[in-house]
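Asks: What follows is entry.cif, made up of mmCIF, C-alpha atoms and all ligand atoms:
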```
data_run
#
loop_
_atom_site.label_atom_id
_atom_site.label_comp_id
_atom_site.auth_asym_id
_atom_site.auth_seq_id
_atom_site.Cartn_x
_atom_site.Cartn_y
_atom_site.Cartn_z
CA MET B 1 -20.51 -14.02 -7.87
CA ARG B 2 -19.56 -13.50 -4.24
CA ALA B 3 -18.32 -10.01 -3.33
CA LEU B 4 -17.65 -7.67 -0.45
CA PHE B 5 -18.85 -4.26 -1.61
CA PHE B 6 -19.17 -0.85 -0.05
CA HIS B 7 -22.43 1.06 -0.17
CA LYS B 8 -22.64 3.35 2.87
CA LYS B 9 -21.14 0.42 4.76
CA PRO B 10 -19.34 -2.82 3.83
CA LYS B 11 -21.82 -5.49 2.65
CA TYR B 12 -21.42 -9.09 1.52
CA SER B 13 -23.38 -10.47 -1.43
CA ARG B 14 -23.62 -13.94 -3.02
CA ASP B 15 -25.12 -12.60 -6.28
CA TYR B 16 -23.13 -9.53 -7.16
CA PRO B 17 -22.95 -9.14 -10.98
CA THR B 18 -19.79 -10.72 -12.47
CA PRO B 19 -17.82 -7.96 -14.27
CA LYS B 20 -17.66 -8.00 -18.08
CA ARG B 21 -14.27 -7.28 -19.55
CA ALA B 22 -13.91 -4.24 -21.82
CA GLU B 23 -11.65 -4.20 -24.87
CA GLY B 24 -8.04 -4.81 -23.86
CA GLU B 25 -9.08 -6.17 -20.49
CA ALA B 26 -8.71 -9.61 -18.93
CA LEU B 27 -11.25 -11.36 -16.74
CA ILE B 28 -9.39 -12.60 -13.69
CA ARG B 29 -10.53 -15.18 -11.14
CA VAL B 30 -9.28 -13.90 -7.81
CA LEU B 31 -7.41 -16.40 -5.61
CA GLN B 32 -6.52 -14.20 -2.64
CA ALA B 33 -6.71 -10.51 -1.77
CA GLY B 34 -5.29 -8.45 1.07
CA ILE B 35 -7.14 -5.86 3.12
CA CYS B 36 -5.25 -2.58 3.06
CA ASN B 37 -5.52 0.57 5.18
CA THR B 38 -6.83 2.34 2.10
CA ASP B 39 -9.86 -0.01 2.12
CA ILE B 40 -10.49 0.85 5.76
CA GLU B 41 -10.12 4.59 5.06
CA ILE B 42 -12.57 4.32 2.12
CA VAL B 43 -15.15 2.96 4.55
CA LYS B 44 -14.42 5.99 6.77
CA GLY B 45 -14.98 8.34 3.80
CA TYR B 46 -11.49 8.88 2.34
CA MET B 47 -12.85 8.50 -1.23
CA PRO B 48 -16.46 8.75 -2.39
CA PHE B 49 -16.18 5.18 -3.75
CA GLN B 50 -19.01 2.68 -4.01
CA GLY B 51 -18.60 -0.86 -5.27
CA VAL B 52 -16.38 -3.86 -4.66
CA LEU B 53 -13.43 -2.95 -2.43
CA GLY B 54 -9.89 -4.32 -2.65
CA HIS B 55 -6.84 -3.74 -4.84
CA GLU B 56 -4.14 -6.10 -3.52
CA PHE B 57 -4.72 -9.45 -5.21
CA VAL B 58 -3.42 -12.51 -6.95
CA GLY B 59 -5.53 -14.30 -9.55
CA VAL B 60 -5.70 -16.42 -12.68
CA VAL B 61 -6.64 -15.04 -16.11
CA GLU B 62 -9.78 -16.75 -17.42
CA GLU B 63 -10.60 -14.55 -20.42
CA GLY B 64 -8.39 -12.31 -22.52
CA ASP B 65 -5.67 -12.70 -25.13
CA LYS B 66 -4.53 -16.30 -25.63
CA THR B 67 -1.07 -15.51 -24.25
CA TRP B 68 -2.56 -14.57 -20.88
CA ILE B 69 -5.15 -17.30 -20.35
CA GLY B 70 -4.34 -19.58 -17.43
CA LYS B 71 -1.51 -17.38 -16.16
CA ARG B 72 -1.24 -16.55 -12.47
CA VAL B 73 -0.98 -12.78 -12.19
CA VAL B 74 -0.90 -9.66 -10.07
CA GLY B 75 -2.07 -6.37 -11.56
CA GLU B 76 -1.27 -2.66 -11.37
CA ILE B 77 -4.29 -0.84 -10.03
CA ASN B 78 -4.36 2.38 -12.08
CA CYS B 79 -6.32 2.20 -15.33
CA PRO B 80 -5.36 5.31 -17.29
CA CYS B 81 -7.21 6.62 -20.39
CA ARG B 82 -4.00 6.31 -22.48
CA ARG B 83 -4.99 9.42 -24.49
CA CYS B 84 -4.54 12.53 -22.32
CA GLU B 85 -1.45 14.70 -21.87
CA TYR B 86 -0.32 12.77 -18.78
CA CYS B 87 -0.75 9.39 -20.44
CA ARG B 88 1.17 10.55 -23.52
CA GLN B 89 4.10 11.42 -21.23
CA GLY B 90 4.00 7.99 -19.61
CA LEU B 91 2.45 9.34 -16.40
CA GLY B 92 -0.62 7.11 -16.48
CA ASN B 93 -0.70 6.82 -12.69
CA HIS B 94 -1.62 10.52 -12.65
CA CYS B 95 -4.11 10.40 -15.54
CA PRO B 96 -7.01 12.67 -14.48
CA ASN B 97 -9.45 10.27 -16.21
CA ARG B 98 -8.07 7.15 -14.59
CA LYS B 99 -10.02 4.48 -12.82
CA VAL B 100 -8.38 2.73 -9.88
CA LEU B 101 -9.19 -0.85 -8.93
CA GLY B 102 -11.40 -0.90 -5.84
CA ILE B 103 -10.73 2.79 -5.13
CA LEU B 104 -12.03 4.97 -7.96
CA GLY B 105 -14.70 4.06 -10.52
CA LYS B 106 -13.81 0.36 -10.85
CA ASP B 107 -14.92 -2.68 -8.88
CA GLY B 108 -12.07 -4.27 -6.96
CA ALA B 109 -10.65 -7.56 -5.77
CA PHE B 110 -12.78 -8.71 -2.80
CA ALA B 111 -14.84 -10.89 -5.14
CA ASP B 112 -14.63 -14.04 -7.23
CA TYR B 113 -13.79 -12.03 -10.36
CA LEU B 114 -12.33 -8.71 -11.42
CA THR B 115 -11.33 -7.13 -14.74
CA LEU B 116 -8.13 -5.21 -15.49
CA PRO B 117 -6.38 -4.08 -18.68
CA MET B 118 -3.97 -6.79 -19.82
CA ALA B 119 -1.32 -4.04 -19.98
CA ASN B 120 -1.54 -3.85 -16.17
CA LEU B 121 -0.78 -7.53 -15.57
CA HIS B 122 2.42 -9.18 -14.38
CA GLU B 123 2.87 -12.94 -14.52
CA LEU B 124 4.15 -14.46 -11.28
CA PRO B 125 7.10 -16.83 -11.07
CA THR B 126 6.24 -20.17 -9.43
CA SER B 127 8.62 -19.40 -6.54
CA VAL B 128 6.27 -16.64 -5.32
CA SER B 129 3.32 -18.07 -3.39
CA ASN B 130 -0.23 -16.70 -3.54
CA LEU B 131 0.05 -15.32 -0.04
CA GLN B 132 3.31 -13.56 -0.90
CA ALA B 133 1.83 -12.21 -4.13
CA VAL B 134 -0.90 -10.39 -2.22
CA PHE B 135 1.92 -8.10 -0.99
CA VAL B 136 3.25 -7.16 -4.44
CA GLU B 137 1.14 -3.99 -4.67
CA PRO B 138 2.14 -2.55 -1.28
CA ILE B 139 5.81 -3.57 -1.80
CA ALA B 140 5.73 -1.81 -5.18
CA SER B 141 4.46 1.29 -3.42
CA ALA B 142 7.46 1.05 -1.06
CA PHE B 143 9.83 0.86 -4.06
CA ARG B 144 8.22 4.03 -5.41
CA ILE B 145 10.22 5.94 -2.76
CA LEU B 146 13.48 4.82 -4.40
CA GLU B 147 12.26 6.24 -7.73
CA GLN B 148 11.62 9.58 -6.04
CA VAL B 149 14.53 9.99 -3.60
CA ASP B 150 18.19 9.10 -4.04
CA THR B 151 19.23 7.13 -0.96
CA GLY B 152 22.64 5.67 -0.33
CA PRO B 153 24.83 4.24 2.45
CA ASN B 154 25.61 7.65 3.98
CA ASP B 155 22.00 8.66 4.50
CA LYS B 156 20.30 8.51 7.87
CA VAL B 157 16.77 7.31 7.19
CA ALA B 158 13.84 6.90 9.58
CA VAL B 159 10.74 4.88 8.74
CA LEU B 160 7.88 5.98 10.99
CA GLY B 161 5.14 3.48 11.73
CA ASP B 162 5.29 -0.27 12.37
CA GLY B 163 2.03 -1.18 10.63
CA LYS B 164 1.71 -3.22 7.43
CA LEU B 165 3.19 -0.59 5.15
CA GLY B 166 5.91 0.56 7.55
CA LEU B 167 7.23 -2.99 7.92
CA LEU B 168 7.44 -3.34 4.13
CA VAL B 169 8.96 0.11 3.56
CA ALA B 170 11.63 -0.52 6.21
CA GLN B 171 12.66 -3.77 4.50
CA VAL B 172 12.85 -2.06 1.11
CA MET B 173 14.88 0.86 2.49
CA ALA B 174 17.25 -1.57 4.23
CA GLY B 175 18.17 -2.85 0.76
CA THR B 176 19.72 0.53 -0.12
CA GLY B 177 22.37 0.13 2.59
CA CYS B 178 21.30 3.40 4.23
CA GLU B 179 21.66 4.00 7.98
CA LEU B 180 18.14 2.94 8.80
CA THR B 181 16.06 3.23 11.97
CA ALA B 182 12.50 1.92 12.09
CA ILE B 183 10.43 3.80 14.66
CA GLY B 184 7.15 2.46 16.00
CA ARG B 185 4.95 1.90 19.02
CA HIS B 186 4.77 -1.92 19.12
CA PRO B 187 7.83 -3.90 20.28
CA GLU B 188 6.36 -7.15 18.94
CA LYS B 189 6.03 -5.66 15.43
CA LEU B 190 9.44 -4.00 15.46
CA GLU B 191 10.80 -7.41 16.40
CA ILE B 192 9.91 -8.62 12.87
CA LEU B 193 12.42 -6.04 11.56
CA ALA B 194 14.98 -6.60 14.31
CA ARG B 195 15.12 -10.25 13.18
CA LYS B 196 16.25 -8.91 9.80
CA LYS B 197 19.03 -6.91 11.53
CA ILE B 198 17.20 -3.61 11.04
CA LYS B 199 17.75 -1.07 13.84
CA THR B 200 14.49 -0.26 15.60
CA ARG B 201 13.30 1.96 18.41
CA LEU B 202 10.12 3.03 20.12
CA VAL B 203 8.75 6.50 19.38
CA HIS B 204 9.67 8.09 22.70
CA GLU B 205 12.95 6.30 23.17
CA GLY B 206 16.54 6.79 22.17
CA PRO B 207 18.70 9.69 21.13
CA HIS B 208 16.98 12.65 19.56
CA GLN B 209 18.77 12.07 16.33
CA LYS B 210 18.08 14.06 13.17
CA PHE B 211 17.49 12.21 9.92
CA ASP B 212 18.19 13.08 6.29
CA LEU B 213 15.00 11.34 5.24
CA CYS B 214 11.85 10.52 7.23
CA ILE B 215 9.24 8.28 5.66
CA ASP B 216 5.83 8.49 7.26
CA CYS B 217 3.93 5.19 7.17
CA THR B 218 1.98 5.78 10.38
CA GLY B 219 -1.37 6.04 8.60
CA SER B 220 -2.16 8.95 10.88
CA PRO B 221 -1.93 12.76 10.61
CA LYS B 222 0.34 12.57 13.66
CA GLY B 223 3.05 11.03 11.46
CA LEU B 224 3.80 14.32 9.74
CA GLU B 225 4.21 16.03 13.09
CA LEU B 226 6.69 13.37 14.20
CA ALA B 227 8.53 13.54 10.88
CA LEU B 228 8.85 17.35 11.19
CA ASP B 229 10.41 16.81 14.58
CA LEU B 230 12.90 14.19 13.35
CA VAL B 231 14.02 15.57 9.99
CA ARG B 232 17.20 17.63 9.73
CA PRO B 233 17.15 21.11 8.15
CA MET B 234 16.98 20.72 4.36
CA GLY B 235 16.10 17.05 4.78
CA LYS B 236 13.20 15.25 3.13
CA ILE B 237 9.90 13.89 4.35
CA VAL B 238 8.04 11.30 2.28
CA LEU B 239 4.36 10.81 3.10
CA LYS B 240 2.94 7.35 2.35
CA SER B 241 -0.21 7.61 4.47
CA THR B 242 -3.64 8.39 3.08
CA PHE B 243 -6.48 8.92 5.48
CA ALA B 244 -9.94 10.38 5.66
CA SER B 245 -9.20 13.34 7.98
CA PRO B 246 -8.92 16.63 6.10
CA VAL B 247 -5.93 18.88 6.88
CA PRO B 248 -7.73 21.50 9.03
CA HIS B 249 -8.41 18.77 11.55
CA TRP B 250 -4.75 17.98 12.09
CA PHE B 251 -3.69 18.81 15.59
CA GLY B 252 -0.35 18.57 17.32
CA ALA B 253 0.23 16.56 20.48
CA GLY B 254 -0.61 19.60 22.65
CA GLY B 255 -3.96 20.04 20.89
CA GLU B 256 -2.71 23.01 18.87
CA ARG B 257 -2.86 23.12 15.06
CA LEU B 258 0.06 21.53 13.28
CA ASN B 259 2.72 24.20 12.73
CA LEU B 260 3.85 23.93 9.13
CA SER B 261 6.23 26.93 9.43
CA GLN B 262 8.87 24.40 10.53
CA LEU B 263 8.79 23.21 6.92
CA VAL B 264 9.56 26.73 5.75
CA VAL B 265 12.15 27.63 8.39
CA ASN B 266 14.06 24.36 7.99
CA GLU B 267 13.55 24.29 4.22
CA VAL B 268 12.32 20.72 4.38
CA VAL B 269 11.21 18.96 1.21
CA LEU B 270 7.80 17.33 1.60
CA LEU B 271 6.98 14.62 -0.92
CA GLY B 272 3.87 12.54 -1.51
CA SER B 273 4.38 8.98 -2.70
CA ARG B 274 1.90 6.44 -4.05
CA CYS B 275 2.08 3.53 -6.53
CA GLY B 276 5.32 1.95 -7.66
CA PRO B 277 7.08 -0.63 -9.85
CA PHE B 278 5.57 -4.15 -9.69
CA LYS B 279 8.60 -5.79 -11.35
CA ARG B 280 10.95 -4.78 -8.54
CA ALA B 281 8.43 -5.90 -5.94
CA ILE B 282 8.12 -9.37 -7.50
CA GLU B 283 11.93 -9.64 -7.64
CA ALA B 284 12.23 -8.60 -3.98
CA LEU B 285 9.88 -11.43 -3.01
CA GLN B 286 11.71 -13.88 -5.24
CA ASP B 287 15.16 -13.16 -3.82
CA GLY B 288 13.95 -12.90 -0.23
CA ALA B 289 14.87 -9.20 0.18
CA VAL B 290 11.37 -8.59 1.53
CA GLU B 291 9.82 -11.14 3.85
CA VAL B 292 6.06 -11.04 4.33
CA THR B 293 4.84 -14.20 6.05
CA ALA B 294 5.28 -12.67 9.53
CA LEU B 295 2.97 -9.85 8.43
CA VAL B 296 -0.09 -12.06 7.91
CA THR B 297 -2.40 -11.90 10.92
CA LYS B 298 -5.14 -14.15 9.54
CA VAL B 299 -6.58 -15.63 6.34
CA TYR B 300 -10.39 -15.74 6.02
CA ASN B 301 -12.66 -17.34 3.49
CA LEU B 302 -14.38 -14.71 1.29
CA GLU B 303 -17.69 -15.70 2.92
CA GLU B 304 -16.36 -14.31 6.19
CA ALA B 305 -15.38 -11.02 4.55
CA ILE B 306 -17.33 -8.82 6.98
CA LYS B 307 -15.67 -10.50 9.94
CA ALA B 308 -12.30 -10.19 8.22
CA PHE B 309 -12.89 -6.51 7.59
CA GLY B 310 -13.76 -6.01 11.25
CA LEU B 311 -10.52 -7.65 12.36
CA ALA B 312 -8.44 -5.69 9.82
CA SER B 313 -9.88 -2.43 11.19
CA ARG B 314 -8.73 -3.22 14.71
CA LYS B 315 -5.64 -1.43 16.00
CA GLY B 316 -2.49 -3.52 16.08
CA VAL B 317 -3.66 -6.04 13.47
CA LEU B 318 -1.36 -6.55 10.48
CA LYS B 319 -2.42 -8.05 7.12
CA VAL B 320 -5.78 -9.80 6.91
CA VAL B 321 -6.18 -11.80 3.71
CA LEU B 322 -9.35 -13.05 1.96
CA ASP B 323 -9.22 -16.42 0.25
CA MET B 324 -11.60 -17.08 -2.67
CA THR B 325 -10.55 -20.64 -3.51
ZN ZN J 401 -3.17 -0.91 -0.60
ZN ZN J 402 -5.01 9.75 -19.36
#
```
Step by step, read the file and then write its structure as structure tokens.
Replies:
Amino acid sequence: MRALFFHKKPKYSRDYPTPKRAEGEALIRVLQAGICNTDIEIVKGYMPFQGVLGHEFVGVVEEGDKTWIGKRVVGEINCPCRRCEYCRQGLGNHCPNRKVLGILGKDGAFADYLTLPMANLHELPTSVSNLQAVFVEPIASAFRILEQVDTGPNDKVAVLGDGKLGLLVAQVMAGTGCELTAIGRHPEKLEILARKKIKTRLVHEGPHQKFDLCIDCTGSPKGLELALDLVRPMGKIVLKSTFASPVPHWFGAGGERLNLSQLVVNEVVLLGSRCGPFKRAIEALQDGAVEVTALVTKVYNLEEAIKAFGLASRKGVLKVVLDMT
């Protein structure tokens, strides 16, 4: 099959071995897949992964239980062992033996076929298009924040970063009715949110307001520094960014090491946040709560995967999608 895989660098192959499904798994023909910052960070060395990249996809089940065959699906990316202590408590996303599609020990979605446990699959309603469905995984990860932090109409919330994830997180947070400000560096991207009546501002602009909750979607170590500056004492910071730079290399704007004592002095809660509920993400697309079409920069044929990857890695580019059909 055709595949974009990573081995020291991203490579394209026309005869990559088609995956064989294990017990309980489905074989899925991929229709479209989105390139995510995580894919770009893997290429920079964020995870020691080798194999087919990609974890944001929509596809059709070709092999598996009868009830699944022919269904158009998206799939949760964590494949837990279902036996360990974490799995027994329903915390499969944190299973220490897990494989993660296109990220850890399992070939991903930038190919004609992938396999996933049928337990991970969600059937798509016809009202959600393929292109929209590619966003289910990152929207689910935005909804994860609402499982972790109680947010209501009286909370002042800042979403930092106007990249792919920031634009999705801001839309999801807007649904809580909180007092939301989306903060970024690109007026043309913030405009996508302003059209949805979300308050926006540029990083170095506006009142130096303090927020109850700051959500870092900048994809950069600088985001934490900004969040520390914007969060009120005893407020919360949620980190959504994963990147290849290890902590000792984090520097503040003045070139000095990041000063984490602000966390201690202000008793700020720092929270990591990763994968979330697919069901809510599909519903948000269905009822129009989250709008994604403005986030698509370009759709490439799988054959042009290397070119697509190059574009996706460029600063300022939003979602680049691979089409396998
Ligand atoms: Zn992703
Ligand atoms: Zn487990």
Asks: Between B:Leu165, B:Tyr113, B:Arg201, B:Val157, single out the one closest to Leu180 in chain B, counting all atoms listed in the file.
Replies: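 The shortest atom-to-atom distance to Leu180 in chain B comes from B:Val157.
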Asks: For Lys99 in chain B, which residue among B:Cys214, B:Val269, B:Ile198, B:Cys79 is the nearest when counting all atoms listed in the file?
Replies: B:Cys79
Asks: Pick out the residues sitting within 8 Å of range 202-213 of chain B, and hand them over as a count of residues only; count all atoms listed in the file, and ignore anything fewer than 4 positions along from it in its own chain.
Replies: 17
Asks: For each of B:Asn301, B:Lys66, B:Leu31, B:Phe6, take the minimum atom-to-atom distance to Gly45 in chain B, counting only C-alpha atoms, then give the residue where this is smallest.
Replies: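 Ranked by minimum distance to Gly45 in chain B, first place goes to B:Phe6.
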Asks: Could you report the residues within 9 Å of ligand ZN 401 (chain J), using only C-alpha atoms and all ligand atoms, as an MDAnalysis selection string?
Replies: chainID B and resid 34:39 54:56 135 137:138 141 165
Asks: Store the residues picked out above, limited to C-alpha atoms, as a short mmCIF file (atom, residue, chain, number, x, y, z; two decimals), in the frame of the given file.
Replies:
```cif
data_model
loop_
_atom_site.label_atom_id
_atom_site.label_comp_id
_atom_site.auth_asym_id
_atom_site.auth_seq_id
_atom_site.Cartn_x
_atom_site.Cartn_y
_atom_site.Cartn_z
CA GLY B 34 -5.29 -8.45 1.07
CA ILE B 35 -7.14 -5.86 3.12
CA CYS B 36 -5.25 -2.58 3.06
CA ASN B 37 -5.52 0.57 5.18
CA THR B 38 -6.83 2.34 2.10
CA ASP B 39 -9.86 -0.01 2.12
CA GLY B 54 -9.89 -4.32 -2.65
CA HIS B 55 -6.84 -3.74 -4.84
CA GLU B 56 -4.14 -6.10 -3.52
CA PHE B 135 1.92 -8.10 -0.99
CA GLU B 137 1.14 -3.99 -4.67
CA PRO B 138 2.14 -2.55 -1.28
CA SER B 141 4.46 1.29 -3.42
CA LEU B 165 3.19 -0.59 5.15
#
```
Asks: Hey, which bits of range 99-167 of chain B sit within 7 Å of range 284-295 of chain B, and for each residue what's the closest pair of atoms and how far apart in Å (one decimal), counting all atoms listed in the file, rows by chain and increasing number, as a tab-separated table?
Replies:
```
residue	atom	partner	partner_atom	distance
B:Ser127	CA	B:Gln286	CA	6.5
B:Val128	CA	B:Gln286	CA	6.1
B:Gln132	CA	B:Val292	CA	6.4
B:Lys164	CA	B:Leu295	CA	6.8
```
Asks: Which residue is closest to ligand ZN 402 (chain J)? Choose from B:Tyr86, B:Thr18, B:Tyr46, B:Glu23 and count all atoms listed in the file.
Replies: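 Closest candidate: B:Tyr86.
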Asks: Which residues are near ligand ZN 402 (chain J) in this structure, taking near to mean any atom at most 6 Å from a ligand atom and counting all atoms listed in the file? Format them as a PyMOL selection string.
Replies: chain B and resi 80-84+86-87+92+95+97
Asks: Hey, can you spit out that residue selection with C-alpha atoms as an mmCIF file, keeping the file's coordinate frame?
Replies:
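What follows is the written file again21.cif:
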```cif
data_model
loop_
_atom_site.group_PDB
_atom_site.id
_atom_site.type_symbol
_atom_site.label_atom_id
_atom_site.label_comp_id
_atom_site.auth_asym_id
_atom_site.auth_seq_id
_atom_site.Cartn_x
_atom_site.Cartn_y
_atom_site.Cartn_z
ATOM 1 C CA PRO B 80 -5.360 5.310 -17.290
ATOM 2 C CA CYS B 81 -7.210 6.620 -20.390
ATOM 3 C CA ARG B 82 -4.000 6.310 -22.480
ATOM 4 C CA ARG B 83 -4.990 9.420 -24.490
ATOM 5 C CA CYS B 84 -4.540 12.530 -22.320
ATOM 6 C CA TYR B 86 -0.320 12.770 -18.780
ATOM 7 C CA CYS B 87 -0.750 9.390 -20.440
ATOM 8 C CA GLY B 92 -0.620 7.110 -16.480
ATOM 9 C CA CYS B 95 -4.110 10.400 -15.540
ATOM 10 C CA ASN B 97 -9.450 10.270 -16.210
#
```
Asks: Excluding same-chain residues fewer than 5 positions from Gly223 in chain B, what lies within 10 Å of it counting all atoms listed in the file, as a list in words?
Replies: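 Residues meeting the cut-off are Leu160, Gly161, Cys214, Ile215, Asp216, Cys217, Thr218, Leu228, Asp229, Leu239, Lys240 and Ser241 of chain B.
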Asks: When you count all atoms listed in the file, which of these residues is closest to Lys279 in chain B: B:Val61, B:Ala140, B:Ile103, B:Met47?
Replies: B:Ala140
Asks: Taking all atoms listed in the file into account, which of B:Asn130, B:Thr115, B:Thr242, B:Asn259 comes nearest Arg21 in chain B?
Replies: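 Smallest distance to Arg21 in chain B is found for B:Thr115.
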